[in-house]
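Chemist: Contents of entry_18.cif (mmCIF, C-alpha atoms) are given next:
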data_entry
loop_
_atom_site.group_PDB
_atom_site.id
_atom_site.type_symbol
_atom_site.label_atom_id
_atom_site.label_comp_id
_atom_site.auth_asym_id
_atom_site.auth_seq_id
_atom_site.Cartn_x
_atom_site.Cartn_y
_atom_site.Cartn_z
ATOM 1 C CA MET A 1 -6.881 0.333 -23.501
ATOM 2 C CA THR A 2 -6.952 2.284 -20.252
ATOM 3 C CA THR A 3 -9.472 1.118 -17.664
ATOM 4 C CA ARG A 4 -11.594 3.334 -15.416
ATOM 5 C CA LEU A 5 -9.407 2.504 -12.406
ATOM 6 C CA GLN A 6 -6.180 3.199 -14.302
ATOM 7 C CA GLU A 7 -7.564 6.557 -15.417
ATOM 8 C CA LEU A 8 -8.538 7.441 -11.835
ATOM 9 C CA VAL A 9 -5.085 6.461 -10.547
ATOM 10 C CA ARG A 10 -3.306 8.431 -13.307
ATOM 11 C CA GLU A 11 -5.448 11.496 -12.620
ATOM 12 C CA THR A 12 -4.924 11.236 -8.835
ATOM 13 C CA VAL A 13 -1.163 10.842 -9.219
ATOM 14 C CA GLU A 14 -0.804 13.725 -11.676
ATOM 15 C CA ARG A 15 -3.221 16.155 -10.013
ATOM 16 C CA ASN A 16 -1.599 15.664 -6.607
ATOM 17 C CA ASP A 17 2.023 15.224 -7.717
ATOM 18 C CA LEU A 18 2.218 11.891 -5.849
ATOM 19 C CA LEU A 19 5.021 10.200 -7.791
ATOM 20 C CA PRO A 20 8.344 11.705 -8.862
ATOM 21 C CA ARG A 21 8.901 11.625 -12.634
ATOM 22 C CA GLY A 22 11.986 9.564 -13.361
ATOM 23 C CA GLY A 23 11.983 8.314 -9.776
ATOM 24 C CA CYS A 24 11.670 4.994 -8.008
ATOM 25 C CA VAL A 25 8.480 3.870 -6.252
ATOM 26 C CA LEU A 26 8.090 0.962 -3.843
ATOM 27 C CA VAL A 27 4.574 -0.507 -4.016
ATOM 28 C CA GLY A 28 3.517 -2.226 -0.783
ATOM 29 C CA VAL A 29 1.646 -5.383 -1.798
ATOM 30 C CA SER A 30 0.007 -7.689 0.750
ATOM 31 C CA GLY A 31 -1.624 -9.994 -1.768
ATOM 32 C CA GLY A 32 -5.111 -8.584 -1.169
ATOM 33 C CA GLN A 33 -7.271 -7.179 -3.950
ATOM 34 C CA ASP A 34 -6.555 -3.493 -3.287
ATOM 35 C CA SER A 35 -2.764 -3.712 -3.232
ATOM 36 C CA LEU A 36 -2.736 -6.101 -6.217
ATOM 37 C CA ALA A 37 -4.961 -3.716 -8.176
ATOM 38 C CA LEU A 38 -2.587 -0.855 -7.319
ATOM 39 C CA MET A 39 0.439 -2.865 -8.436
ATOM 40 C CA HIS A 40 -1.191 -3.794 -11.748
ATOM 41 C CA CYS A 41 -2.459 -0.220 -12.346
ATOM 42 C CA LEU A 42 0.930 1.333 -11.684
ATOM 43 C CA HIS A 43 2.599 -1.305 -13.850
ATOM 44 C CA ALA A 44 0.210 -0.465 -16.716
ATOM 45 C CA LEU A 45 0.903 3.265 -16.227
ATOM 46 C CA GLN A 46 4.626 2.921 -15.487
ATOM 47 C CA ALA A 47 5.875 4.364 -18.786
ATOM 48 C CA GLU A 48 3.295 7.162 -18.858
ATOM 49 C CA LEU A 49 4.071 8.174 -15.265
ATOM 50 C CA ASP A 50 7.822 7.756 -15.907
ATOM 51 C CA VAL A 51 8.545 5.778 -12.740
ATOM 52 C CA VAL A 52 10.542 2.681 -11.864
ATOM 53 C CA LEU A 53 8.533 0.244 -9.751
ATOM 54 C CA HIS A 54 9.646 -2.194 -7.075
ATOM 55 C CA VAL A 55 7.315 -4.292 -4.934
ATOM 56 C CA GLY A 56 7.636 -4.772 -1.182
ATOM 57 C CA HIS A 57 5.871 -7.440 0.882
ATOM 58 C CA VAL A 58 5.866 -7.849 4.669
ATOM 59 C CA HIS A 59 5.172 -11.265 6.216
ATOM 60 C CA HIS A 60 3.973 -10.570 9.775
ATOM 61 C CA GLY A 61 4.351 -14.146 11.003
ATOM 62 C CA LEU A 62 0.696 -14.282 12.048
ATOM 63 C CA ARG A 63 -1.094 -16.572 9.614
ATOM 64 C CA LEU A 64 1.889 -18.845 8.868
ATOM 65 C CA ALA A 65 0.995 -21.152 5.929
ATOM 66 C CA GLU A 66 -1.590 -18.697 4.568
ATOM 67 C CA ALA A 67 0.906 -15.822 4.823
ATOM 68 C CA ASP A 68 3.582 -17.970 3.163
ATOM 69 C CA ALA A 69 1.140 -18.561 0.288
ATOM 70 C CA ASP A 70 0.421 -14.803 0.057
ATOM 71 C CA MET A 71 4.137 -14.036 -0.149
ATOM 72 C CA GLU A 72 4.670 -16.675 -2.846
ATOM 73 C CA PHE A 73 1.664 -15.398 -4.801
ATOM 74 C CA VAL A 74 2.946 -11.809 -4.761
ATOM 75 C CA ALA A 75 6.426 -13.011 -5.789
ATOM 76 C CA THR A 76 4.891 -14.930 -8.711
ATOM 77 C CA GLN A 77 2.851 -11.894 -9.796
ATOM 78 C CA CYS A 78 6.004 -9.746 -9.719
ATOM 79 C CA GLU A 79 7.942 -12.278 -11.749
ATOM 80 C CA ALA A 80 5.169 -12.337 -14.378
ATOM 81 C CA LEU A 81 5.233 -8.522 -14.606
ATOM 82 C CA GLY A 82 9.018 -8.263 -14.480
ATOM 83 C CA LEU A 83 8.953 -6.220 -11.270
ATOM 84 C CA PRO A 84 11.684 -6.498 -8.626
ATOM 85 C CA PHE A 85 10.297 -8.174 -5.477
ATOM 86 C CA HIS A 86 11.488 -7.521 -1.921
ATOM 87 C CA ALA A 87 10.160 -9.344 1.132
ATOM 88 C CA VAL A 88 10.828 -9.259 4.843
ATOM 89 C CA ARG A 89 9.555 -11.372 7.718
ATOM 90 C CA CYS A 90 8.802 -10.084 11.190
ATOM 91 C CA ASP A 91 7.149 -11.372 14.341
ATOM 92 C CA ALA A 92 4.251 -9.011 15.038
ATOM 93 C CA ARG A 93 2.950 -11.108 17.940
ATOM 94 C CA ALA A 94 6.279 -10.953 19.802
ATOM 95 C CA THR A 95 6.542 -7.217 19.143
ATOM 96 C CA ALA A 96 3.005 -6.702 20.475
ATOM 97 C CA GLU A 97 3.806 -8.580 23.679
ATOM 98 C CA GLU A 98 7.138 -6.825 24.121
ATOM 99 C CA ARG A 99 5.700 -3.338 23.575
ATOM 100 C CA ARG A 100 2.332 -4.118 25.201
ATOM 101 C CA ILE A 101 0.319 -3.010 22.193
ATOM 102 C CA SER A 102 -2.284 -4.745 20.030
ATOM 103 C CA VAL A 103 -1.106 -7.249 17.432
ATOM 104 C CA GLU A 104 -2.760 -5.102 14.730
ATOM 105 C CA HIS A 105 -0.818 -2.021 15.845
ATOM 106 C CA ALA A 106 2.420 -4.019 16.016
ATOM 107 C CA ALA A 107 1.830 -5.419 12.511
ATOM 108 C CA ARG A 108 1.088 -1.968 11.058
ATOM 109 C CA SER A 109 4.166 -0.456 12.717
ATOM 110 C CA ALA A 110 6.355 -3.333 11.496
ATOM 111 C CA ARG A 111 4.947 -3.014 7.966
ATOM 112 C CA HIS A 112 5.599 0.726 7.769
ATOM 113 C CA ARG A 113 9.092 0.361 9.242
ATOM 114 C CA ALA A 114 9.978 -2.500 6.864
ATOM 115 C CA LEU A 115 8.660 -0.654 3.804
ATOM 116 C CA ARG A 116 10.585 2.496 4.750
ATOM 117 C CA GLU A 117 13.773 0.435 5.158
ATOM 118 C CA MET A 118 13.189 -1.277 1.793
ATOM 119 C CA ALA A 119 12.580 2.094 0.146
ATOM 120 C CA GLU A 120 15.783 3.489 1.610
ATOM 121 C CA THR A 121 17.778 0.430 0.490
ATOM 122 C CA ILE A 122 16.575 0.596 -3.135
ATOM 123 C CA GLY A 123 16.517 4.402 -3.340
ATOM 124 C CA ALA A 124 12.745 4.758 -3.700
ATOM 125 C CA GLN A 125 11.422 8.271 -3.162
ATOM 126 C CA ARG A 126 7.836 7.107 -2.532
ATOM 127 C CA ILE A 127 6.015 4.149 -0.988
ATOM 128 C CA ALA A 128 2.638 3.539 -2.638
ATOM 129 C CA LEU A 129 -0.028 1.817 -0.537
ATOM 130 C CA GLY A 130 -3.368 0.400 -1.707
ATOM 131 C CA HIS A 131 -5.730 2.189 0.675
ATOM 132 C CA THR A 132 -9.111 2.989 -0.884
ATOM 133 C CA ALA A 133 -11.981 5.363 -0.123
ATOM 134 C CA ASP A 134 -13.559 2.500 1.852
ATOM 135 C CA ASP A 135 -10.482 2.343 4.109
ATOM 136 C CA ARG A 136 -10.639 6.094 4.608
ATOM 137 C CA ALA A 137 -14.309 5.922 5.639
ATOM 138 C CA GLU A 138 -13.613 3.049 8.052
ATOM 139 C CA THR A 139 -10.776 5.032 9.624
ATOM 140 C CA VAL A 140 -13.003 8.079 10.151
ATOM 141 C CA LEU A 141 -15.671 5.903 11.808
ATOM 142 C CA LEU A 142 -13.121 4.221 14.081
ATOM 143 C CA ASN A 143 -11.671 7.587 15.029
ATOM 144 C CA LEU A 144 -15.156 8.908 15.839
ATOM 145 C CA LEU A 145 -15.819 5.912 18.066
ATOM 146 C CA ARG A 146 -12.542 6.570 19.882
ATOM 147 C CA GLY A 147 -13.555 10.195 20.460
ATOM 148 C CA THR A 148 -11.239 11.903 18.009
ATOM 149 C CA GLY A 149 -10.779 15.605 17.479
ATOM 150 C CA THR A 150 -10.879 17.369 14.127
ATOM 151 C CA ARG A 151 -7.491 15.934 13.119
ATOM 152 C CA GLY A 152 -8.819 12.368 13.321
ATOM 153 C CA LEU A 153 -11.771 13.271 11.110
ATOM 154 C CA GLY A 154 -9.367 13.833 8.223
ATOM 155 C CA ALA A 155 -8.366 10.157 8.313
ATOM 156 C CA MET A 156 -5.917 9.127 5.612
ATOM 157 C CA ARG A 157 -4.184 11.606 3.385
ATOM 158 C CA LEU A 158 -3.142 11.125 -0.226
ATOM 159 C CA ARG A 159 0.421 11.781 0.879
ATOM 160 C CA SER A 160 2.097 11.523 4.268
ATOM 161 C CA GLY A 161 5.843 12.015 3.887
ATOM 162 C CA PRO A 162 7.104 9.347 1.469
ATOM 163 C CA ILE A 163 3.842 7.357 1.713
ATOM 164 C CA VAL A 164 1.299 7.916 -1.060
ATOM 165 C CA ARG A 165 -2.159 6.434 -1.584
ATOM 166 C CA PRO A 166 -3.056 6.586 -5.301
ATOM 167 C CA LEU A 167 -6.260 4.521 -4.776
ATOM 168 C CA LEU A 168 -7.762 6.801 -2.125
ATOM 169 C CA ARG A 169 -10.413 8.080 -4.564
ATOM 170 C CA ALA A 170 -11.278 4.528 -5.689
ATOM 171 C CA THR A 171 -13.642 2.108 -3.960
ATOM 172 C CA ARG A 172 -13.058 -1.506 -2.992
ATOM 173 C CA GLU A 173 -15.731 -2.407 -5.549
ATOM 174 C CA MET A 174 -13.610 -0.767 -8.257
ATOM 175 C CA THR A 175 -10.470 -2.685 -7.250
ATOM 176 C CA GLY A 176 -12.474 -5.912 -7.223
ATOM 177 C CA GLN A 177 -13.818 -5.270 -10.718
ATOM 178 C CA TYR A 178 -10.319 -4.415 -11.933
#
For this file, write the structure as structure tokens.

Modeler:
Amino acid sequence: MTTRLQELVRETVERNDLLPRGGCVLVGVSGGQDSLALMHCLHALQAELDVVLHVGHVHHGLRLAEADADMEFVATQCEALGLPFHAVRCDARATAEERRISVEHAARSARHRALREMAETIGAQRIALGHTADDRAETVLLNLLRGTGTRGLGAMRLRSGPIVRPLLRATREMTGQY
């Protein structure tokens, strides 16, 4: 039985040509509810969407034992679903100090770089991230507070190069219910 969230993801993917039929997709999974919901949705729809899934996880070295537990949890979920799991560790705090940027910015940059490298290594054409409509709204508000122009009002896109966001029409409440 297809759930409401699975139907929304399938419709978003098909209507916007987000995933290549017969292709490989790397799903970025942090261990949070949104990325886990995306992984489980895409796994349930894998045959219908005709994609091969891999899962990528980035350990930023910030929360140590808690982050270790997140990585182990995601690895266990992947094993249960039969999905290949790839993980990388980085030191976001050291990168932030070295580049004189915020730790959050360093972590995001490291995550995107690591996922792109993983995708290249495994031959994935797309990287699916678990951003939701709530994330999009938060980004617009933050951009407004920073004094953005019209470009910043657009916030996140469904597709930016190889990065796709199949949950962008879903809410955090929906991923929690799923």

Chemist: If I take atom CA of Gln77 of chain A and atom CA of Val25 of chain A, how far is one from the other in Å, to one decimal?

Modeler: 17.1 Å

Chemist: The PyMOL selection byres ((chain A and resi 115-124) around 7) - which residues does that actually catch in the file I just gave you? List them as a list in words.

Modeler: Cys24, Val25, Leu26, Gly56, Arg111, His112, Arg113, Ala114, Gln125, Arg126 and Ile127 of chain A

Chemist: Quote the spacing between atom CA of Arg89 of chain A and atom CA of Ser35 of chain A in Å to one decimal place.

Modeler: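 The value is 18.2 Å.
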
Chemist: For the PyMOL selection byres ((chain A and resi 48) around 12), applied here, can you spell out every residue it catches as a list in words?

Modeler: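 Applying the expression gives Thr2, Gln6, Glu7, Val9, Arg10, Glu11, Val13, Glu14, Leu19, Arg21, Gly22, Cys41, Leu42, His43, Ala44, Leu45, Gln46, Ala47, Leu49, Asp50, Val51 and Val52 of chain A.
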
Chemist: Evaluate the PyMOL selection byres ((chain A and resi 91) around 10) against this structure - the residues, as a list in words, please.

Modeler: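 Matching residues under the PyMOL selection byres ((chain A and resi 91) around 10) are His59, His60, Gly61, Leu62, Arg89, Cys90, Ala92, Arg93, Ala94, Thr95, Ala96, Val103, Ala106, Ala107 and Ala110 of chain A.
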
Chemist: Please compute the atom CA of Met156 of chain A-atom CA of Met39 of chain A distance, one decimal, in Å.

Modeler: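 Atom-to-atom, atom CA of Met156 of chain A to atom CA of Met39 of chain A, that is 19.5 Å.
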
Chemist: For Arg169 of chain A, find every residue with an atom within 8 Å (counting all atoms listed in the file), except residues of its own chain fewer than 4 positions away, and show them as a list of chain:residue names.

Modeler: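 Here the qualifying residues turn out to be A:Leu8, A:Thr12, A:Thr132, A:Ala133.
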
Chemist: Identify which of the residues A:Glu98, A:Arg4, A:Gln33, A:Leu38 lies closest to Pro166 of chain A, counting all atoms listed in the file when measuring atom-to-atom distances.

Modeler: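 Under the stated criterion, the closest residue is A:Leu38.
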
Chemist: Given all atoms listed in the file as the basis, pick out the residue of A:Val58, A:Ala128, A:Leu158, A:Leu18 nearest to Asp34 of chain A.

Modeler: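 Among the listed residues, A:Ala128 lies closest to Asp34 of chain A.
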
Chemist: With all heavy atoms as the atom set, please write segment 114-128 of chain A from the structure just given, as an mmCIF file, in the first residue's frame.

Modeler:
data_model
loop_
_atom_site.group_PDB
_atom_site.id
_atom_site.type_symbol
_atom_site.label_atom_id
_atom_site.label_comp_id
_atom_site.auth_asym_id
_atom_site.auth_seq_id
_atom_site.Cartn_x
_atom_site.Cartn_y
_atom_site.Cartn_z
ATOM 1 N N ALA A 114 31.472 16.140 0.321
ATOM 2 C CA ALA A 114 31.592 14.697 0.557
ATOM 3 C C ALA A 114 30.548 13.918 -0.234
ATOM 4 O O ALA A 114 30.863 12.875 -0.824
ATOM 5 C CB ALA A 114 31.463 14.394 2.053
ATOM 6 N N LEU A 115 29.316 14.413 -0.271
ATOM 7 C CA LEU A 115 28.268 13.710 -1.021
ATOM 8 C C LEU A 115 28.550 13.740 -2.524
ATOM 9 O O LEU A 115 28.334 12.746 -3.220
ATOM 10 C CB LEU A 115 26.890 14.303 -0.710
ATOM 11 C CG LEU A 115 26.361 14.035 0.702
ATOM 12 C CD1 LEU A 115 25.071 14.822 0.958
ATOM 13 C CD2 LEU A 115 26.138 12.542 0.952
ATOM 14 N N ARG A 116 29.063 14.846 -3.020
ATOM 15 C CA ARG A 116 29.423 14.913 -4.447
ATOM 16 C C ARG A 116 30.553 13.935 -4.773
ATOM 17 O O ARG A 116 30.521 13.268 -5.808
ATOM 18 C CB ARG A 116 29.821 16.335 -4.843
ATOM 19 C CG ARG A 116 28.648 17.280 -4.966
ATOM 20 C CD ARG A 116 29.118 18.702 -5.281
ATOM 21 N NE ARG A 116 28.061 19.663 -5.168
ATOM 22 C CZ ARG A 116 27.276 20.050 -6.179
ATOM 23 N NH1 ARG A 116 27.451 19.548 -7.376
ATOM 24 N NH2 ARG A 116 26.336 20.950 -5.975
ATOM 25 N N GLU A 117 31.536 13.835 -3.880
ATOM 26 C CA GLU A 117 32.638 12.886 -4.085
ATOM 27 C C GLU A 117 32.138 11.446 -4.030
ATOM 28 O O GLU A 117 32.546 10.613 -4.849
ATOM 29 C CB GLU A 117 33.747 13.119 -3.058
ATOM 30 C CG GLU A 117 34.522 14.399 -3.306
ATOM 31 C CD GLU A 117 35.487 14.762 -2.180
ATOM 32 O OE1 GLU A 117 35.606 13.991 -1.197
ATOM 33 O OE2 GLU A 117 36.115 15.842 -2.284
ATOM 34 N N MET A 118 31.251 11.145 -3.079
ATOM 35 C CA MET A 118 30.661 9.800 -3.003
ATOM 36 C C MET A 118 29.906 9.494 -4.288
ATOM 37 O O MET A 118 30.041 8.395 -4.843
ATOM 38 C CB MET A 118 29.673 9.698 -1.828
ATOM 39 C CG MET A 118 30.273 9.531 -0.484
ATOM 40 S SD MET A 118 28.902 9.397 0.727
ATOM 41 C CE MET A 118 29.695 10.113 2.151
ATOM 42 N N ALA A 119 29.098 10.439 -4.734
ATOM 43 C CA ALA A 119 28.298 10.241 -5.947
ATOM 44 C C ALA A 119 29.199 9.957 -7.143
ATOM 45 O O ALA A 119 28.925 9.054 -7.942
ATOM 46 C CB ALA A 119 27.412 11.455 -6.212
ATOM 47 N N GLU A 120 30.265 10.711 -7.252
ATOM 48 C CA GLU A 120 31.207 10.510 -8.358
ATOM 49 C C GLU A 120 31.842 9.120 -8.271
ATOM 50 O O GLU A 120 31.948 8.417 -9.273
ATOM 51 C CB GLU A 120 32.281 11.587 -8.324
ATOM 52 C CG GLU A 120 33.185 11.563 -9.544
ATOM 53 C CD GLU A 120 34.175 12.713 -9.540
ATOM 54 O OE1 GLU A 120 33.772 13.862 -9.251
ATOM 55 O OE2 GLU A 120 35.356 12.448 -9.839
ATOM 56 N N THR A 121 32.239 8.717 -7.083
ATOM 57 C CA THR A 121 32.884 7.413 -6.880
ATOM 58 C C THR A 121 31.977 6.252 -7.263
ATOM 59 O O THR A 121 32.425 5.293 -7.882
ATOM 60 C CB THR A 121 33.332 7.261 -5.401
ATOM 61 O OG1 THR A 121 34.283 8.295 -5.113
ATOM 62 C CG2 THR A 121 33.966 5.908 -5.148
ATOM 63 N N ILE A 122 30.689 6.336 -6.898
ATOM 64 C CA ILE A 122 29.771 5.214 -7.178
ATOM 65 C C ILE A 122 29.045 5.361 -8.506
ATOM 66 O O ILE A 122 28.309 4.471 -8.918
ATOM 67 C CB ILE A 122 28.750 5.024 -6.037
ATOM 68 C CG1 ILE A 122 27.828 6.244 -5.911
ATOM 69 C CG2 ILE A 122 29.450 4.696 -4.728
ATOM 70 C CD1 ILE A 122 26.686 6.061 -4.928
ATOM 71 N N GLY A 123 29.221 6.499 -9.178
ATOM 72 C CA GLY A 123 28.564 6.711 -10.469
ATOM 73 C C GLY A 123 27.119 7.150 -10.350
ATOM 74 O O GLY A 123 26.322 6.922 -11.266
ATOM 75 N N ALA A 124 26.776 7.814 -9.254
ATOM 76 C CA ALA A 124 25.403 8.313 -9.080
ATOM 77 C C ALA A 124 25.199 9.588 -9.889
ATOM 78 O O ALA A 124 26.042 10.488 -9.860
ATOM 79 C CB ALA A 124 25.117 8.573 -7.599
ATOM 80 N N GLN A 125 24.079 9.655 -10.590
ATOM 81 C CA GLN A 125 23.763 10.844 -11.379
ATOM 82 C C GLN A 125 23.081 11.919 -10.546
ATOM 83 O O GLN A 125 23.089 13.088 -10.911
ATOM 84 C CB GLN A 125 22.838 10.481 -12.555
ATOM 85 C CG GLN A 125 23.472 9.629 -13.608
ATOM 86 C CD GLN A 125 23.375 8.138 -13.279
ATOM 87 O OE1 GLN A 125 22.627 7.719 -12.409
ATOM 88 N NE2 GLN A 125 24.163 7.332 -13.982
ATOM 89 N N ARG A 126 22.458 11.529 -9.429
ATOM 90 C CA ARG A 126 21.748 12.480 -8.572
ATOM 91 C C ARG A 126 22.087 12.231 -7.104
ATOM 92 O O ARG A 126 22.387 11.118 -6.703
ATOM 93 C CB ARG A 126 20.234 12.364 -8.722
ATOM 94 C CG ARG A 126 19.700 12.629 -10.101
ATOM 95 C CD ARG A 126 19.690 14.111 -10.451
ATOM 96 N NE ARG A 126 19.018 14.337 -11.708
ATOM 97 C CZ ARG A 126 19.592 14.208 -12.897
ATOM 98 N NH1 ARG A 126 20.846 13.852 -12.989
ATOM 99 N NH2 ARG A 126 18.902 14.428 -13.991
ATOM 100 N N ILE A 127 21.962 13.302 -6.323
ATOM 101 C CA ILE A 127 22.101 13.249 -4.867
ATOM 102 C C ILE A 127 20.776 13.753 -4.307
ATOM 103 O O ILE A 127 20.409 14.920 -4.518
ATOM 104 C CB ILE A 127 23.252 14.144 -4.372
ATOM 105 C CG1 ILE A 127 24.577 13.719 -5.012
ATOM 106 C CG2 ILE A 127 23.334 14.111 -2.847
ATOM 107 C CD1 ILE A 127 25.696 14.739 -4.850
ATOM 108 N N ALA A 128 20.039 12.884 -3.637
ATOM 109 C CA ALA A 128 18.736 13.252 -3.086
ATOM 110 C C ALA A 128 18.887 13.662 -1.621
ATOM 111 O O ALA A 128 19.454 12.919 -0.820
ATOM 112 C CB ALA A 128 17.760 12.074 -3.201
#
